[in-house]
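Enquirer: PDB, C-alpha atoms, file input-v5.pdb:
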ATOM      1  CA  MET A 887      84.595 123.715 136.295
ATOM      2  CA  GLN A 888      87.593 121.762 135.053
ATOM      3  CA  HIS A 889      85.906 118.494 136.053
ATOM      4  CA  ASP A 890      82.836 119.414 134.008
ATOM      5  CA  ALA A 891      85.013 119.875 130.925
ATOM      6  CA  HIS A 892      86.599 116.469 131.439
ATOM      7  CA  ALA A 893      83.204 114.838 131.876
ATOM      8  CA  HIS A 894      82.003 116.496 128.673
ATOM      9  CA  HIS A 895      85.102 115.236 126.814
ATOM     10  CA  ARG A 896      84.507 111.687 128.061
ATOM     11  CA  THR A 897      80.865 111.875 126.997
ATOM     12  CA  GLU A 898      81.794 113.161 123.541
ATOM     13  CA  ARG A 899      84.455 110.493 123.146
ATOM     14  CA  SER A 900      82.090 107.728 124.233
ATOM     15  CA  GLY A 901      79.381 108.942 121.904
ATOM     16  CA  ALA A 902      81.717 109.284 118.962
ATOM     17  CA  HIS A 903      82.954 105.740 119.381
ATOM     18  CA  ALA A 904      79.874 103.975 120.637
ATOM     19  CA  GLY A 905      79.993 100.354 119.678
ATOM     20  CA  HIS A 906      83.782 100.307 119.527
ATOM     21  CA  GLU A 907      84.908 100.621 123.132
ATOM     22  CA  GLY A 908      84.228  98.762 126.325
ATOM     23  CA  HIS A 909      83.158  95.266 127.202
ATOM     24  CA  GLY A 910      80.104  94.085 125.346
ATOM     25  CA  ALA A 911      80.243  96.775 122.661
ATOM     26  CA  ALA A 912      78.095  96.131 119.608
ATOM     27  CA  ALA A 913      80.000  94.738 116.650
ATOM     28  CA  ASP A 914      78.492  94.377 113.207
ATOM     29  CA  TRP A 915      79.674  92.258 110.304
ATOM     30  CA  PRO A 916      80.719  95.197 108.055
ATOM     31  CA  THR A 917      82.981  96.550 110.819
ATOM     32  CA  ALA A 918      84.472  93.091 111.376
ATOM     33  CA  ALA A 919      84.990  92.673 107.625
ATOM     34  CA  ARG A 920      86.786  96.046 107.397
ATOM     35  CA  ALA A 921      89.015  95.092 110.332
ATOM     36  CA  THR A 922      89.777  91.765 108.665
ATOM     37  CA  LEU A 923      90.545  93.442 105.326
ATOM     38  CA  HIS A 924      92.952  95.749 107.166
ATOM     39  CA  CYS A 925      94.636  92.714 108.698
ATOM     40  CA  LEU A 926      94.585  90.837 105.400
ATOM     41  CA  THR A 927      96.284  93.740 103.622
ATOM     42  CA  GLY A 928      99.307  93.715 105.922
ATOM     43  CA  CYS A 929      99.398  89.928 106.049
ATOM     44  CA  ALA A 930      99.145  89.636 102.268
ATOM     45  CA  ILE A 931     101.985  92.091 101.681
ATOM     46  CA  GLY A 932     104.249  90.174 104.050
ATOM     47  CA  GLU A 933     103.043  86.752 102.992
ATOM     48  CA  VAL A 934     103.468  87.398  99.279
ATOM     49  CA  LEU A 935     106.866  89.016  99.799
ATOM     50  CA  GLY A 936     108.020  86.088 101.949
ATOM     51  CA  MET A 937     106.716  83.500  99.495
ATOM     52  CA  VAL A 938     108.273  85.334  96.542
ATOM     53  CA  ILE A 939     111.655  85.626  98.283
ATOM     54  CA  GLY A 940     111.638  82.017  99.500
ATOM     55  CA  THR A 941     110.484  80.656  96.152
ATOM     56  CA  ALA A 942     112.921  82.790  94.145
ATOM     57  CA  LEU A 943     115.814  81.647  96.350
ATOM     58  CA  GLY A 944     114.738  78.007  96.098
ATOM     59  CA  TRP A 945     114.190  77.676  99.843
ATOM     60  CA  GLY A 946     112.239  74.759 101.251
ATOM     61  CA  THR A 947     108.745  74.940 102.680
ATOM     62  CA  VAL A 948     109.659  75.623 106.325
ATOM     63  CA  PRO A 949     112.093  78.536 105.858
ATOM     64  CA  THR A 950     109.809  80.093 103.228
ATOM     65  CA  MET A 951     106.786  79.886 105.532
ATOM     66  CA  VAL A 952     108.734  81.237 108.511
ATOM     67  CA  LEU A 953     109.884  84.229 106.464
ATOM     68  CA  ALA A 954     106.346  84.792 105.132
ATOM     69  CA  ILE A 955     104.856  84.665 108.643
ATOM     70  CA  VAL A 956     107.473  87.009 110.112
ATOM     71  CA  LEU A 957     106.914  89.485 107.286
ATOM     72  CA  ALA A 958     103.113  89.164 107.612
ATOM     73  CA  PHE A 959     103.321  90.166 111.278
ATOM     74  CA  PHE A 960     105.778  92.955 110.449
ATOM     75  CA  PHE A 961     103.593  94.484 107.740
ATOM     76  CA  GLY A 962     100.364  93.832 109.653
ATOM     77  CA  TYR A 963     101.677  95.709 112.677
ATOM     78  CA  SER A 964     103.265  98.383 110.456
ATOM     79  CA  LEU A 965      99.948  99.399 108.895
ATOM     80  CA  THR A 966      98.424  99.946 112.318
ATOM     81  CA  LEU A 967     101.527 101.718 113.622
ATOM     82  CA  TRP A 968     101.489 104.077 110.662
ATOM     83  CA  ALA A 969      97.807 104.930 111.182
ATOM     84  CA  VAL A 970      97.938 105.545 114.927
ATOM     85  CA  VAL A 971     101.234 107.464 114.846
ATOM     86  CA  ARG A 972      99.664 109.632 112.151
ATOM     87  CA  ALA A 973      96.746 110.182 114.517
ATOM     88  CA  GLY A 974      99.163 111.617 117.094
ATOM     89  CA  LEU A 975     100.271 108.722 119.292
ATOM     90  CA  SER A 976     103.887 108.319 120.292
ATOM     91  CA  LEU A 977     105.701 105.358 118.759
ATOM     92  CA  LYS A 978     105.798 103.603 122.131
ATOM     93  CA  ALA A 979     102.040 103.982 122.633
ATOM     94  CA  ALA A 980     101.394 103.020 118.997
ATOM     95  CA  ILE A 981     103.340  99.781 119.431
ATOM     96  CA  GLY A 982     101.120  98.864 122.385
ATOM     97  CA  VAL A 983      97.996  99.633 120.365
ATOM     98  CA  ALA A 984      99.215  97.596 117.377
ATOM     99  CA  LEU A 985     100.094  94.606 119.549
ATOM    100  CA  ALA A 986      96.714  94.732 121.303
ATOM    101  CA  ALA A 987      94.740  95.341 118.125
ATOM    102  CA  ASP A 988      96.354  92.968 115.671
ATOM    103  CA  THR A 989      98.094  90.030 117.323
ATOM    104  CA  LEU A 990      95.193  87.565 117.514
ATOM    105  CA  SER A 991      93.831  88.558 114.105
ATOM    106  CA  ILE A 992      97.213  88.166 112.380
ATOM    107  CA  ALA A 993      97.911  84.897 114.210
ATOM    108  CA  VAL A 994      94.583  83.372 113.130
ATOM    109  CA  MET A 995      95.011  84.638 109.588
ATOM    110  CA  GLU A 996      98.537  83.218 109.324
ATOM    111  CA  LEU A 997      97.577  79.891 110.854
ATOM    112  CA  VAL A 998      94.681  79.474 108.444
ATOM    113  CA  ASP A 999      96.298  80.712 105.240
ATOM    114  CA  ASN A1000      99.507  78.740 105.782
ATOM    115  CA  GLY A1001      97.482  75.670 106.732
ATOM    116  CA  VAL A1002      95.505  75.962 103.504
ATOM    117  CA  LEU A1003      98.693  76.369 101.478
ATOM    118  CA  LEU A1004     100.081  73.205 103.038
ATOM    119  CA  LEU A1005      96.900  71.318 102.159
ATOM    120  CA  VAL A1006      96.832  72.353  98.481
ATOM    121  CA  PRO A1007      98.820  69.672  96.648
ATOM    122  CA  GLY A1008     101.942  71.138  95.048
ATOM    123  CA  ALA A1009     101.309  74.716  96.225
ATOM    124  CA  MET A1010     104.501  74.957  98.263
ATOM    125  CA  ASP A1011     106.580  73.537  95.419
ATOM    126  CA  ALA A1012     105.063  75.764  92.735
ATOM    127  CA  HIS A1013     107.181  78.487  91.125
ATOM    128  CA  LEU A1014     106.322  82.157  90.795
ATOM    129  CA  SER A1015     105.402  81.659  87.160
ATOM    130  CA  ASP A1016     102.905  78.870  87.989
ATOM    131  CA  GLY A1017      99.216  79.626  88.197
ATOM    132  CA  LEU A1018      99.053  77.135  91.061
ATOM    133  CA  PHE A1019     101.301  79.374  93.191
ATOM    134  CA  TRP A1020      99.068  82.440  92.793
ATOM    135  CA  GLY A1021      95.773  80.535  92.770
ATOM    136  CA  ALA A1022      96.580  78.654  95.975
ATOM    137  CA  LEU A1023      97.729  81.869  97.647
ATOM    138  CA  ALA A1024      94.520  83.694  96.659
ATOM    139  CA  PHE A1025      92.402  80.752  97.834
ATOM    140  CA  ALA A1026      94.314  80.631 101.139
ATOM    141  CA  PHE A1027      93.704  84.368 101.683
ATOM    142  CA  LEU A1028      89.989  83.934 100.976
ATOM    143  CA  VAL A1029      89.658  81.086 103.480
ATOM    144  CA  ALA A1030      91.707  83.041 106.050
ATOM    145  CA  PHE A1031      89.440  86.079 105.568
ATOM    146  CA  LEU A1032      86.308  83.963 106.086
ATOM    147  CA  VAL A1033      87.700  82.367 109.256
ATOM    148  CA  THR A1034      89.224  85.549 110.728
ATOM    149  CA  THR A1035      86.192  87.827 110.246
ATOM    150  CA  PRO A1036      84.135  86.151 113.031
ATOM    151  CA  VAL A1037      87.201  86.300 115.290
ATOM    152  CA  ASN A1038      87.460  90.046 114.688
ATOM    153  CA  LYS A1039      83.715  90.479 115.240
ATOM    154  CA  TRP A1040      84.016  88.678 118.567
ATOM    155  CA  MET A1041      87.011  90.817 119.627
ATOM    156  CA  ILE A1042      85.402  94.107 118.561
ATOM    157  CA  GLY A1043      82.280  93.153 120.505
ATOM    158  CA  ARG A1044      84.443  92.967 123.622
ATOM    159  CA  GLY A1045      86.207  96.282 122.977
ATOM    160  CA  LYS A1046      89.378  94.526 121.873
ATOM    161  CA  GLY A1047      91.209  93.949 118.599
ATOM    162  CA  HIS A1048      90.466  96.541 115.955
ATOM    163  CA  ALA A1049      88.126  98.354 118.366
ATOM    164  CA  VAL A1050      91.269  99.575 120.144
ATOM    165  CA  VAL A1051      92.420 101.281 116.929
ATOM    166  CA  HIS A1052      89.057 102.955 116.253
ATOM    167  CA  GLN A1053      89.452 105.356 119.149
ATOM    168  CA  TYR A1054      92.406 106.927 117.303
ATOM    169  CA  HIS A1055      90.598 107.580 113.995
TER
END
For the file at hand, write its structure as structure tokens.
Expert:
Amino acid sequence: MQHDAHAHHRTERSGAHAGHEGHGAAADWPTAARATLHCLTGCAIGEVLGMVIGTALGWGTVPTMVLAIVLAFFFGYSLTLWAVVRAGLSLKAAIGVALAADTLSIAVMELVDNGVLLLVPGAMDAHLSDGLFWGALAFAFLVAFLVTTPVNKWMIGRGKGHAVVHQYH
């Protein structure tokens, strides 16, 4: 009798999250875009904060980018941690979920958006009051979103990345 209840729970769980779990799960573009927007939100908070701090303190390109990247990972992971802890996971389990769900997505996003910023002439030397600073940052986020969305679609299709988080919603 108890085994039947467990089987029913597994069936319900699988049905409720079809397309999000397991190898070869279906992944659509809207789901990948939502996962990327989630990642972009945390990355943007950290990235902007790091760039603002580094620029305001007159730091050079390398220390400013390092701070921005560290903060992007911190805030990216924090958003996932907050959501899955709220869903009832312990902090230890939530950390594992956040690392599994977000690491590749944040890494790709940071690589792309910082690469774009380095390629935009004058962007890293611009001040907070310069339109170039904010325009280059917005452009870098757009390019990073466009590059990271297919990565997230690929991961979700394999039951990885943001698909790991979906089972806790």
Enquirer: Which is closer to Ala987 in chain A than all the others in A:Val948, A:Leu926, A:Val1051, A:Val938, using all atoms listed in the file?
Expert: A:Val1051
Enquirer: Rounded to one decimal place, report the CA of Gly1045 in chain A-CA of Ser991 in chain A distance in Å.
Expert: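 The value is 14.0 Å.
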Enquirer: Starting from 3 Å padding per side, set up an axis-aligned box that covers all listed atoms of range 972-979 of chain A and hand over centre and edge lengths in Å, one decimal, as AutoDock Vina command-line options.
Expert:
--center_x 101.3 --center_y 107.6 --center_z 117.4 --size_x 15.1 --size_y 14.0 --size_z 16.5
Enquirer: Can you turn the PyMOL selection byres ((chain A and resi 1014) around 12) into a concrete residue list for this file, as a ChimeraX atom specification?
Expert: /A:934-944,1009-1013,1015-1023
Enquirer: Find the distance between CA of Gly1001 in chain A and CA of Leu1032 in chain A and write it in Å to one decimal.
Expert: 13.9 Å
Enquirer: Compare A:Ala1026, A:Leu990, A:Val1050, A:Ala979 by their minimum atom-to-atom distance to Val1006 in chain A, counting all atoms listed in the file, and give me the closest one.
Expert: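 Of A:Ala1026, A:Leu990, A:Val1050, A:Ala979, the one nearest Val1006 in chain A, counting all atoms listed in the file, is A:Ala1026.
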Enquirer: Which value, in Å to one decimal, gives the distance between CA of Glu996 in chain A and CA of Val971 in chain A?
Expert: 25.0 Å
Enquirer: Check what the PyMOL selection byres ((chain A and resi 1030) around 12) selects in the file above and give those residues as an MDAnalysis selection string.
Expert: chainID A and resid 919 922:923 925:927 929:930 991:1003 1023:1029 1031:1038
Enquirer: Extract, using all atoms listed in the file, all DNA, RNA and protein residues at most 12 Å from Leu977 in chain A, discarding same-chain residues fewer than 6 positions from it, and format them as an MDAnalysis selection string.
Expert: chainID A and resid 964 966:971 983:984
